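Structure below is structure-v6.txt: compact mmCIF, C-alpha atoms and all ligand atoms.
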# COMPACT_ATOMS: atom_id res chain seq x y z
CA MET V 1 160.76 200.42 7.47
CA PHE V 2 160.82 201.76 3.90
CA ALA V 3 159.07 198.52 2.81
CA GLY V 4 157.28 198.93 -0.50
CA MET V 5 157.64 202.69 -0.54
CA SER V 6 159.83 205.21 -2.26
CA PRO V 7 161.34 207.05 0.70
CA ARG V 8 161.00 210.81 0.77
CA ILE V 9 164.41 212.47 0.65
CA ALA V 10 165.66 215.83 1.96
CA PHE V 11 169.05 217.53 1.93
CA ILE V 12 170.26 219.79 4.72
CA GLY V 13 173.14 221.77 3.24
CA ALA V 14 172.73 223.16 -0.29
CA GLY V 15 176.39 223.30 -1.32
CA ARG V 16 178.45 221.54 -3.97
CA LEU V 17 177.49 217.99 -3.02
CA ALA V 18 173.76 218.62 -2.66
CA GLN V 19 173.76 220.57 -5.95
CA SER V 20 175.40 217.57 -7.60
CA LEU V 21 173.30 214.74 -6.13
CA ALA V 22 169.83 216.27 -5.74
CA PRO V 23 169.14 217.07 -9.42
CA VAL V 24 170.21 213.58 -10.51
CA LEU V 25 168.01 211.92 -7.87
CA ALA V 26 165.06 214.11 -8.95
CA GLU V 27 165.67 213.25 -12.59
CA GLN V 28 165.69 209.58 -11.70
CA GLY V 29 162.19 209.92 -10.22
CA GLU V 30 163.22 209.74 -6.56
CA SER V 31 160.86 211.46 -4.15
CA LEU V 32 162.81 214.59 -3.25
CA THR V 33 160.80 216.83 -0.93
CA ALA V 34 162.91 219.52 0.74
CA ILE V 35 166.21 221.37 0.87
CA ALA V 36 167.56 223.40 3.79
CA SER V 37 170.61 225.58 4.26
CA ARG V 38 171.72 228.12 6.81
CA ASP V 39 171.20 230.71 4.09
CA PRO V 40 167.55 230.25 2.99
CA ALA V 41 168.32 231.85 -0.37
CA ALA V 42 170.87 229.09 -1.14
CA ALA V 43 168.25 226.43 -0.37
CA GLN V 44 165.70 228.28 -2.49
CA ARG V 45 168.08 228.49 -5.46
CA LEU V 46 168.52 224.71 -5.45
CA ALA V 47 164.83 223.99 -4.76
CA ASP V 48 163.87 226.22 -7.71
CA GLN V 49 165.67 223.81 -10.05
CA LEU V 50 163.76 220.79 -8.70
CA PRO V 51 160.02 220.52 -9.40
CA GLY V 52 157.93 219.95 -6.26
CA VAL V 53 160.86 220.49 -3.88
CA HIS V 54 160.53 223.12 -1.12
CA ALA V 55 163.18 225.20 0.61
CA LEU V 56 162.46 224.77 4.32
CA PRO V 57 164.16 225.34 7.65
CA ALA V 58 166.24 222.30 8.64
CA ALA V 59 163.86 221.13 11.38
CA ASP V 60 160.90 221.25 8.97
CA CYS V 61 162.79 219.06 6.47
CA LEU V 62 162.64 216.24 9.01
CA ALA V 63 158.84 216.39 9.02
CA VAL V 64 158.62 215.72 5.26
CA ALA V 65 161.47 213.23 4.72
CA ASP V 66 162.29 209.60 5.52
CA ILE V 67 165.96 209.87 4.54
CA VAL V 68 167.72 213.12 5.42
CA PHE V 69 171.13 213.71 3.86
CA LEU V 70 173.28 215.98 6.00
CA SER V 71 175.36 217.60 3.26
CA THR V 72 176.96 220.28 5.42
CA PRO V 73 180.70 220.69 6.05
CA ASP V 74 182.03 217.84 8.20
CA ASP V 75 182.51 220.02 11.28
CA ALA V 76 178.84 221.01 11.35
CA ILE V 77 177.38 217.47 11.27
CA ALA V 78 177.37 216.56 14.98
CA ALA V 79 176.00 219.88 16.25
CA LEU V 80 173.41 220.04 13.49
CA THR V 81 172.28 216.46 14.22
CA ALA V 82 171.96 217.25 17.92
CA SER V 83 169.80 220.29 17.15
CA LEU V 84 167.15 218.46 15.11
CA PRO V 85 163.92 216.62 16.11
CA TRP V 86 164.61 213.10 14.76
CA ARG V 87 161.98 210.38 14.98
CA ARG V 88 161.95 206.58 14.99
CA GLY V 89 162.07 205.00 11.53
CA GLN V 90 163.67 208.04 9.92
CA ALA V 91 167.26 208.00 8.67
CA ALA V 92 170.07 210.52 9.22
CA VAL V 93 172.82 210.12 6.62
CA HIS V 94 175.97 212.19 6.45
CA CYS V 95 178.10 212.51 3.33
CA SER V 96 181.52 212.92 4.92
CA GLY V 97 184.42 210.59 4.17
CA ALA V 98 186.32 211.25 7.38
CA THR V 99 183.52 211.55 9.96
CA GLY V 100 182.42 208.51 11.95
CA LEU V 101 178.79 207.60 12.50
CA ASP V 102 179.17 208.73 16.12
CA ALA V 103 178.53 212.25 14.82
CA LEU V 104 174.94 211.06 14.31
CA ASP V 105 174.53 209.70 17.87
CA ALA V 106 171.80 212.21 18.74
CA ALA V 107 169.64 210.93 15.87
CA ARG V 108 170.32 207.33 16.90
CA ARG V 109 169.27 208.08 20.49
CA ALA V 110 165.98 209.45 19.13
CA GLY V 111 165.37 206.13 17.34
CA ALA V 112 166.48 207.13 13.84
CA MET V 113 168.66 204.94 11.62
CA VAL V 114 172.10 206.34 10.83
CA GLY V 115 174.44 206.02 7.90
CA GLY V 116 177.29 207.43 5.87
CA PHE V 117 177.12 207.94 2.09
CA HIS V 118 180.39 209.34 0.76
CA PRO V 119 180.84 209.60 -3.00
CA LEU V 120 184.55 209.12 -3.70
CA GLN V 121 184.77 211.99 -6.14
CA ILE V 122 185.37 215.73 -6.20
CA PHE V 123 182.35 217.89 -7.04
CA SER V 124 183.13 221.51 -7.72
CA ASP V 125 180.73 222.19 -10.58
CA PRO V 126 177.20 220.72 -10.63
CA ARG V 127 177.21 220.88 -14.44
CA THR V 128 179.85 218.15 -14.61
CA ALA V 129 178.39 216.12 -11.73
CA ARG V 130 176.56 213.52 -13.83
CA GLU V 131 179.76 212.55 -15.63
CA ARG V 132 181.74 212.44 -12.38
CA LEU V 133 179.13 210.33 -10.62
CA LYS V 134 179.08 207.70 -13.34
CA GLY V 135 181.20 204.75 -12.21
CA SER V 136 182.62 206.47 -9.11
CA VAL V 137 182.58 204.58 -5.84
CA VAL V 138 180.39 205.58 -2.91
CA ALA V 139 181.38 204.40 0.57
CA ILE V 140 178.30 203.26 2.47
CA GLU V 141 178.35 202.60 6.20
CA THR V 142 175.32 201.79 8.30
CA PRO V 143 174.44 199.35 11.07
CA ASP V 144 170.78 199.41 9.87
CA ALA V 145 169.99 196.88 7.14
CA PRO V 146 166.85 198.62 5.75
CA LEU V 147 168.80 201.86 5.36
CA GLY V 148 171.71 199.96 3.81
CA GLU V 149 169.36 198.57 1.15
CA GLN V 150 168.04 202.04 0.36
CA LEU V 151 171.50 203.60 0.18
CA HIS V 152 172.67 200.85 -2.19
CA ARG V 153 169.57 201.43 -4.32
CA LEU V 154 170.15 205.21 -4.39
CA ALA V 155 173.80 204.61 -5.31
CA GLY V 156 172.55 202.72 -8.36
CA ARG V 157 170.20 205.57 -9.28
CA LEU V 158 173.14 207.98 -9.16
CA GLY V 159 175.40 205.75 -11.25
CA LEU V 160 177.67 205.14 -8.24
CA ARG V 161 179.30 201.83 -7.30
CA PRO V 162 178.75 200.98 -3.60
CA LEU V 163 181.67 200.09 -1.35
CA ALA V 164 180.56 198.82 2.07
CA LEU V 165 182.58 200.31 4.94
CA GLY V 166 182.70 198.64 8.35
CA GLY V 167 183.01 200.53 11.62
CA GLY V 168 186.63 201.54 12.29
CA GLN V 169 187.65 201.46 8.60
CA ARG V 170 187.02 205.11 7.88
CA ALA V 171 190.48 206.54 8.68
CA ALA V 172 192.20 204.06 6.32
CA TYR V 173 189.54 204.65 3.65
CA HIS V 174 189.92 208.41 3.86
CA ALA V 175 193.73 208.31 3.95
CA ALA V 176 193.65 206.30 0.70
CA ALA V 177 191.33 208.89 -0.82
CA ASN V 178 193.66 211.69 0.25
CA ILE V 179 196.66 209.97 -1.34
CA ALA V 180 194.79 209.23 -4.58
CA ALA V 181 193.57 212.81 -5.02
CA SER V 182 195.51 215.54 -3.22
CA GLY V 183 198.54 213.30 -2.63
CA VAL V 184 198.99 212.92 -6.38
CA LEU V 185 198.82 216.72 -6.68
CA ALA V 186 201.42 217.18 -3.95
CA MET V 187 203.74 214.81 -5.82
CA LEU V 188 203.09 216.66 -9.07
CA SER V 189 204.13 219.88 -7.31
CA GLU V 190 207.65 218.44 -6.95
CA ALA V 191 207.78 217.82 -10.71
CA VAL V 192 206.48 221.34 -11.35
CA SER V 193 209.18 222.72 -9.10
CA LEU V 194 211.88 220.82 -11.05
CA PHE V 195 210.53 222.30 -14.30
CA GLU V 196 210.67 225.74 -12.67
CA GLN V 197 214.41 225.10 -12.17
CA LEU V 198 214.56 224.85 -15.98
CA GLY V 199 213.01 228.32 -16.28
CA LEU V 200 209.33 227.47 -16.85
CA ALA V 201 206.61 229.44 -15.05
CA PRO V 202 204.54 227.25 -12.69
CA ASP V 203 201.46 227.27 -14.95
CA GLN V 204 203.59 226.38 -18.00
CA ALA V 205 205.23 223.60 -16.00
CA LEU V 206 201.89 222.17 -14.90
CA ALA V 207 200.48 222.38 -18.42
CA ALA V 208 203.55 220.57 -19.74
CA LEU V 209 203.34 217.78 -17.17
CA MET V 210 199.58 217.18 -17.07
CA PRO V 211 199.27 215.25 -20.34
CA LEU V 212 202.02 212.93 -19.11
CA SER V 213 200.25 212.35 -15.80
CA ARG V 214 196.95 211.76 -17.61
CA GLY V 215 198.70 209.30 -19.93
CA ALA V 216 200.08 207.37 -16.95
CA LEU V 217 196.67 207.28 -15.23
CA ASP V 218 194.96 206.17 -18.45
CA ALA V 219 197.55 203.42 -18.87
CA ALA V 220 196.99 202.30 -15.26
CA THR V 221 193.22 202.17 -15.89
CA GLN V 222 193.84 199.83 -18.82
CA ARG V 223 196.81 197.77 -17.64
CA GLY V 224 196.97 198.15 -13.84
CA LEU V 225 199.69 199.95 -11.85
CA ALA V 226 202.60 197.62 -12.64
CA GLY V 227 201.65 197.38 -16.32
CA ALA V 228 201.63 201.16 -16.65
CA ILE V 229 205.06 201.82 -15.13
CA ALA V 230 207.59 203.16 -17.64
CA GLY V 231 210.91 204.98 -17.25
CA PRO V 232 214.35 204.19 -15.85
CA VAL V 233 213.18 201.84 -13.08
CA ALA V 234 211.18 199.63 -15.46
CA ARG V 235 214.06 199.70 -17.97
CA GLY V 236 216.67 198.98 -15.31
CA ASP V 237 218.66 202.05 -16.28
CA ALA V 238 221.00 202.57 -13.30
CA ARG V 239 223.02 205.33 -14.95
CA VAL V 240 219.96 207.51 -15.49
CA LEU V 241 218.62 206.79 -12.02
CA ALA V 242 221.97 207.78 -10.45
CA ALA V 243 221.77 211.14 -12.25
CA HIS V 244 218.19 211.62 -10.99
CA LEU V 245 219.26 210.89 -7.42
CA GLN V 246 222.02 213.45 -7.66
CA VAL V 247 219.59 216.15 -8.80
CA MET V 248 217.14 215.24 -6.05
CA ALA V 249 219.93 215.28 -3.42
CA SER V 250 220.74 218.84 -4.50
CA ARG V 251 217.14 219.78 -3.64
CA GLY V 252 217.50 218.52 -0.08
CA GLU V 253 217.00 215.47 2.07
CA ASP V 254 213.18 215.40 1.84
CA ALA V 255 213.22 215.51 -1.96
CA LEU V 256 215.85 212.76 -2.09
CA GLN V 257 213.96 210.51 0.32
CA LEU V 258 210.72 211.06 -1.60
CA TYR V 259 212.39 210.12 -4.88
CA ARG V 260 214.05 207.05 -3.40
CA TRP V 261 210.74 205.90 -1.92
CA LEU V 262 208.93 206.41 -5.22
CA CYS V 263 211.55 204.43 -7.15
CA GLN V 264 211.68 201.63 -4.57
CA ARG V 265 207.87 201.40 -4.75
CA GLN V 266 208.12 201.07 -8.53
CA LEU V 267 210.63 198.24 -8.12
CA ASP V 268 208.27 196.55 -5.63
CA LEU V 269 205.30 196.93 -7.96
CA LEU V 270 207.31 195.41 -10.81
CA ALA V 271 208.48 192.46 -8.68
CA ASP V 272 206.36 189.86 -10.48
CA SER V 273 206.62 191.35 -13.95
CA GLY V 274 210.14 190.31 -14.99
CA ARG V 275 210.97 194.00 -15.53
CA PRO V 276 213.78 194.94 -15.04
CA ASP V 277 215.79 191.70 -15.17
CA THR V 278 217.33 190.25 -11.98
CA ALA V 279 220.77 191.83 -12.41
CA ALA V 280 219.35 195.27 -13.15
CA ARG V 281 216.93 194.96 -10.24
CA ALA V 282 219.84 194.24 -7.88
CA ALA V 283 221.83 197.20 -9.27
CA LEU V 284 218.90 199.58 -8.83
CA GLY V 285 218.19 198.27 -5.32
CA ALA V 286 221.82 198.89 -4.33
CA LEU V 287 221.76 202.37 -5.85
CA LEU V 288 218.59 203.31 -3.98
CA ALA V 289 220.04 202.05 -0.68
CA ARG V 290 223.40 203.85 -1.16
CA PRO V 291 223.86 207.33 0.36
CA ALA V 292 224.01 210.03 -2.30
CA VAL V 293 227.30 211.88 -2.86
CA GLY V 294 227.90 214.06 0.20
CA GLU V 295 225.11 212.43 2.18
CA SER V 296 227.38 210.28 4.37
CA GLU V 297 229.53 213.31 5.23
CA HIS V 298 226.38 215.27 6.14
CA SER V 299 225.11 212.46 8.36
CA ALA V 300 228.50 212.08 9.99
CA SER V 301 228.88 215.78 10.75
CA ALA V 302 225.24 215.98 11.93
CA GLY V 303 226.09 213.21 14.40
CA LYS V 304 229.10 215.13 15.85
CA THR V 305 228.50 217.18 18.96
N1 LIG V 401 182.23 218.59 -2.69
C1 LIG V 401 182.76 217.41 -2.80
O1 LIG V 401 183.55 217.15 -3.70
C2 LIG V 401 182.38 216.30 -1.84
C3 LIG V 401 182.59 214.98 -2.25
C4 LIG V 401 182.24 213.95 -1.39
C5 LIG V 401 181.71 214.25 -0.14
N2 LIG V 401 181.56 215.54 0.24
C6 LIG V 401 181.02 215.81 1.58
O2 LIG V 401 179.75 216.42 1.44
C7 LIG V 401 179.53 217.31 2.53
C8 LIG V 401 179.22 218.70 1.99
O3 LIG V 401 180.33 219.15 1.26
P1 LIG V 401 180.17 220.32 0.15
O4 LIG V 401 181.40 220.27 -0.66
O5 LIG V 401 178.85 220.26 -0.50
O6 LIG V 401 180.25 221.61 1.12
P2 LIG V 401 179.85 223.11 0.73
O7 LIG V 401 179.87 223.32 -0.73
O8 LIG V 401 180.66 223.97 1.62
O9 LIG V 401 178.34 223.19 1.17
C9 LIG V 401 177.94 223.03 2.49
C10 LIG V 401 176.52 223.54 2.65
O10 LIG V 401 176.12 223.32 4.00
C11 LIG V 401 175.48 224.51 4.48
N3 LIG V 401 175.63 224.55 5.93
C12 LIG V 401 176.75 224.76 6.67
N4 LIG V 401 176.47 224.64 7.97
C13 LIG V 401 175.14 224.38 8.06
C14 LIG V 401 174.26 224.16 9.12
N5 LIG V 401 174.69 224.20 10.39
N6 LIG V 401 172.96 223.91 8.84
C15 LIG V 401 172.52 223.88 7.56
N7 LIG V 401 173.32 224.06 6.50
C16 LIG V 401 174.61 224.31 6.75
C17 LIG V 401 176.17 225.63 3.76
O11 LIG V 401 175.26 226.67 3.74
P3 LIG V 401 175.60 228.18 4.08
O12 LIG V 401 176.40 228.62 2.91
O13 LIG V 401 174.27 228.78 4.19
O14 LIG V 401 176.41 228.17 5.36
C18 LIG V 401 176.36 225.02 2.37
O15 LIG V 401 175.16 225.17 1.61
C19 LIG V 401 180.80 217.27 3.41
O16 LIG V 401 180.61 216.33 4.43
C20 LIG V 401 181.85 216.76 2.42
O17 LIG V 401 182.90 216.07 3.07
C21 LIG V 401 181.86 216.59 -0.58
Give the structure from the file, written as structure tokens.
Amino acid sequence: MFAGMSPRIAFIGAGRLAQSLAPVLAEQGESLTAIASRDPAAAQRLADQLPGVHALPAADCLAVADIVFLSTPDDAIAALTASLPWRRGQAAVHCSGATGLDALDAARRAGAMVGGFHPLQIFSDPRTARERLKGSVVAIETPDAPLGEQLHRLAGRLGLRPLALGGGQRAAYHAAANIAASGVLAMLSEAVSLFEQLGLAPDQALAALMPLSRGALDAATQRGLAGAIAGPVARGDARVLAAHLQVMASRGEDALQLYRWLCQRQLDLLADSGRPDTAARAALGALLARPAVGESEHSASAGKT
């Protein structure tokens, strides 16, 4: 299967991901043959940018492709797969991070190989796709070795770094992705909200905080997470941290718990670094474990019936 040949490739789904991957694959000389979408005009628009590529109905794509990327929304994958005439030796590959390969069972039953190919990146604008692809990870899952070889090869053509996923690892993989992308944004929203308390509009607050966040991420890229940590926890400044905890307590229990967790995690990350020194570490640990002013009274009265 695939031996000595450049497999013909089709995309079903002509949205943000297909618009990002297909042009780069075509540029790299891969044998792209067809694009489908529910809206034929969307498939045609993408095909028009790719010499020799045809906009076809989904079922017809299968007739002219060896590897078919299902680049539809996650929820559409299983039903779409079940509706198509797969054949032995062909490959059905979805691009979802969260969806298991069981969504491709219908293709497998028809003798096709199945796989997942999930670039760990956000593609909203095809014009910036090349830059975003370069050096990003792509999670590859497949029980079929010949398909695995091809997906690793295509990853290389796209500038992606393959990460092999085993069966059952997808939920943990996708949770990590959610924390690293949208989770960071959710955390940033708490900082934005604190700046709003100071009188800044939300967009001003975000603009003020973004360079700081970027600086921290750049530092982590160069020096690792522990090496990039700065601020009162790394300095062992208990007085400043106590003031922070008081502000966070005034915002409510959730905000306080979030802040405590974040600071404790910083202490844990710094455990082997010698920062802060042992005495300061113990003082910060005690401070983080202690109820904030008023918290014990709240808990006590909440416990009364
Ligand atoms: N965008 C990203 O950043 C990104 C990154 C990594 C992985 N992914 C994954 O890539 C996949 C596609 O995401 P996307 O962001 O490209 O979605 P998208 O922009 O919403 O595009 C989805 C495309 O699928 C088409 N479609 C929907 N249902 C269909 C069906 N039943 N048959 C044929 N075509 C259908 C839509 O066409 P119509 O408009 O005609 O309905 C649209 O062209 C998802 O699994 C997603 O998790 C996305």
Residues near segment 98-113 of chain V, anyone? I mean within 9 Å using all atoms listed in the file, not counting same-chain ones fewer than 2 positions away, as a PDB file with C-alpha atoms, keeping the file's coordinate frame.
ATOM      1  CA  ASP V  74     182.030 217.840   8.200  1.00  0.00           C
ATOM      2  CA  ASP V  75     182.510 220.020  11.280  1.00  0.00           C
ATOM      3  CA  ILE V  77     177.380 217.470  11.270  1.00  0.00           C
ATOM      4  CA  ALA V  78     177.370 216.560  14.980  1.00  0.00           C
ATOM      5  CA  ALA V  79     176.000 219.880  16.250  1.00  0.00           C
ATOM      6  CA  THR V  81     172.280 216.460  14.220  1.00  0.00           C
ATOM      7  CA  ALA V  82     171.960 217.250  17.920  1.00  0.00           C
ATOM      8  CA  SER V  83     169.800 220.290  17.150  1.00  0.00           C
ATOM      9  CA  LEU V  84     167.150 218.460  15.110  1.00  0.00           C
ATOM     10  CA  PRO V  85     163.920 216.620  16.110  1.00  0.00           C
ATOM     11  CA  TRP V  86     164.610 213.100  14.760  1.00  0.00           C
ATOM     12  CA  ARG V  87     161.980 210.380  14.980  1.00  0.00           C
ATOM     13  CA  ARG V  88     161.950 206.580  14.990  1.00  0.00           C
ATOM     14  CA  GLY V  89     162.070 205.000  11.530  1.00  0.00           C
ATOM     15  CA  GLN V  90     163.670 208.040   9.920  1.00  0.00           C
ATOM     16  CA  ALA V  91     167.260 208.000   8.670  1.00  0.00           C
ATOM     17  CA  ALA V  92     170.070 210.520   9.220  1.00  0.00           C
ATOM     18  CA  VAL V  93     172.820 210.120   6.620  1.00  0.00           C
ATOM     19  CA  HIS V  94     175.970 212.190   6.450  1.00  0.00           C
ATOM     20  CA  CYS V  95     178.100 212.510   3.330  1.00  0.00           C
ATOM     21  CA  SER V  96     181.520 212.920   4.920  1.00  0.00           C
ATOM     22  CA  GLY V 115     174.440 206.020   7.900  1.00  0.00           C
ATOM     23  CA  GLY V 116     177.290 207.430   5.870  1.00  0.00           C
ATOM     24  CA  GLU V 141     178.350 202.600   6.200  1.00  0.00           C
ATOM     25  CA  THR V 142     175.320 201.790   8.300  1.00  0.00           C
ATOM     26  CA  PRO V 143     174.440 199.350  11.070  1.00  0.00           C
ATOM     27  CA  ASP V 144     170.780 199.410   9.870  1.00  0.00           C
ATOM     28  CA  PRO V 146     166.850 198.620   5.750  1.00  0.00           C
ATOM     29  CA  LEU V 147     168.800 201.860   5.360  1.00  0.00           C
ATOM     30  CA  GLY V 167     183.010 200.530  11.620  1.00  0.00           C
ATOM     31  CA  GLY V 168     186.630 201.540  12.290  1.00  0.00           C
ATOM     32  CA  ARG V 170     187.020 205.110   7.880  1.00  0.00           C
ATOM     33  CA  ALA V 171     190.480 206.540   8.680  1.00  0.00           C
ATOM     34  CA  TYR V 173     189.540 204.650   3.650  1.00  0.00           C
ATOM     35  CA  HIS V 174     189.920 208.410   3.860  1.00  0.00           C
ATOM     36  CA  ALA V 175     193.730 208.310   3.950  1.00  0.00           C
TER      37      ALA V 175
END
Given all atoms listed in the file as the basis, pick out the residue of V:Gly52, V:Pro126, V:Pro276, V:Pro162 nearest to Ala139 of chain V.
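Closest to Ala139 of chain V, using all atoms listed in the file: V:Pro162.
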Distance in Å - atom C16 of ligand LIG 401 (chain V) versus atom CA of Val53 of chain V:
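According to the coordinates, atom C16 of ligand LIG 401 (chain V) and atom CA of Val53 of chain V are separated by 17.8 Å.
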Which polymer residues have any atom within 10 Å of an atom of Ser189 of chain V, counting only C-alpha atoms, with same-chain residues fewer than 6 positions away left out, as a PyMOL selection string?
chain V and resi 183+195+202+205-206
One number please: atom CA of Ala220 of chain V to atom CA of Gln197 of chain V, in Å, one decimal.
28.9 Å
Collect all residues with atoms no farther than 10 Å from ligand LIG 401 (chain V), counting all atoms listed in the file, and output them as a compact mmCIF listing (two decimals) with C-alpha atoms, keeping the file's coordinate frame.
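Below is the file out.txt, written as the result:
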# COMPACT_ATOMS: atom_id res chain seq x y z
CA PHE V 11 169.05 217.53 1.93
CA ILE V 12 170.26 219.79 4.72
CA GLY V 13 173.14 221.77 3.24
CA ALA V 14 172.73 223.16 -0.29
CA GLY V 15 176.39 223.30 -1.32
CA ARG V 16 178.45 221.54 -3.97
CA LEU V 17 177.49 217.99 -3.02
CA ALA V 18 173.76 218.62 -2.66
CA GLN V 19 173.76 220.57 -5.95
CA SER V 20 175.40 217.57 -7.60
CA LEU V 21 173.30 214.74 -6.13
CA ILE V 35 166.21 221.37 0.87
CA ALA V 36 167.56 223.40 3.79
CA SER V 37 170.61 225.58 4.26
CA ARG V 38 171.72 228.12 6.81
CA ASP V 39 171.20 230.71 4.09
CA PRO V 40 167.55 230.25 2.99
CA ALA V 41 168.32 231.85 -0.37
CA ALA V 42 170.87 229.09 -1.14
CA ALA V 43 168.25 226.43 -0.37
CA LEU V 46 168.52 224.71 -5.45
CA PRO V 57 164.16 225.34 7.65
CA ALA V 58 166.24 222.30 8.64
CA ALA V 59 163.86 221.13 11.38
CA PHE V 69 171.13 213.71 3.86
CA LEU V 70 173.28 215.98 6.00
CA SER V 71 175.36 217.60 3.26
CA THR V 72 176.96 220.28 5.42
CA PRO V 73 180.70 220.69 6.05
CA ASP V 74 182.03 217.84 8.20
CA ASP V 75 182.51 220.02 11.28
CA ALA V 76 178.84 221.01 11.35
CA ILE V 77 177.38 217.47 11.27
CA ALA V 78 177.37 216.56 14.98
CA ALA V 79 176.00 219.88 16.25
CA LEU V 80 173.41 220.04 13.49
CA THR V 81 172.28 216.46 14.22
CA SER V 83 169.80 220.29 17.15
CA HIS V 94 175.97 212.19 6.45
CA CYS V 95 178.10 212.51 3.33
CA SER V 96 181.52 212.92 4.92
CA GLY V 97 184.42 210.59 4.17
CA ALA V 98 186.32 211.25 7.38
CA THR V 99 183.52 211.55 9.96
CA GLY V 116 177.29 207.43 5.87
CA PHE V 117 177.12 207.94 2.09
CA HIS V 118 180.39 209.34 0.76
CA PRO V 119 180.84 209.60 -3.00
CA LEU V 120 184.55 209.12 -3.70
CA GLN V 121 184.77 211.99 -6.14
CA ILE V 122 185.37 215.73 -6.20
CA PHE V 123 182.35 217.89 -7.04
CA SER V 124 183.13 221.51 -7.72
CA ASP V 125 180.73 222.19 -10.58
CA PRO V 126 177.20 220.72 -10.63
CA ALA V 129 178.39 216.12 -11.73
CA VAL V 138 180.39 205.58 -2.91
CA ALA V 139 181.38 204.40 0.57
Separation of atom CA of Asp277 of chain V from atom CA of Gly236 of chain V, in Å and rounded to one decimal:
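So the answer is 7.3 Å.
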Contact residues around Leu269 of chain V with only C-alpha atoms at 10 Å, ignoring same-chain residues under 3 positions, as a ChimeraX atom specification
/V:225-227,229,234,263-266,272-273,275
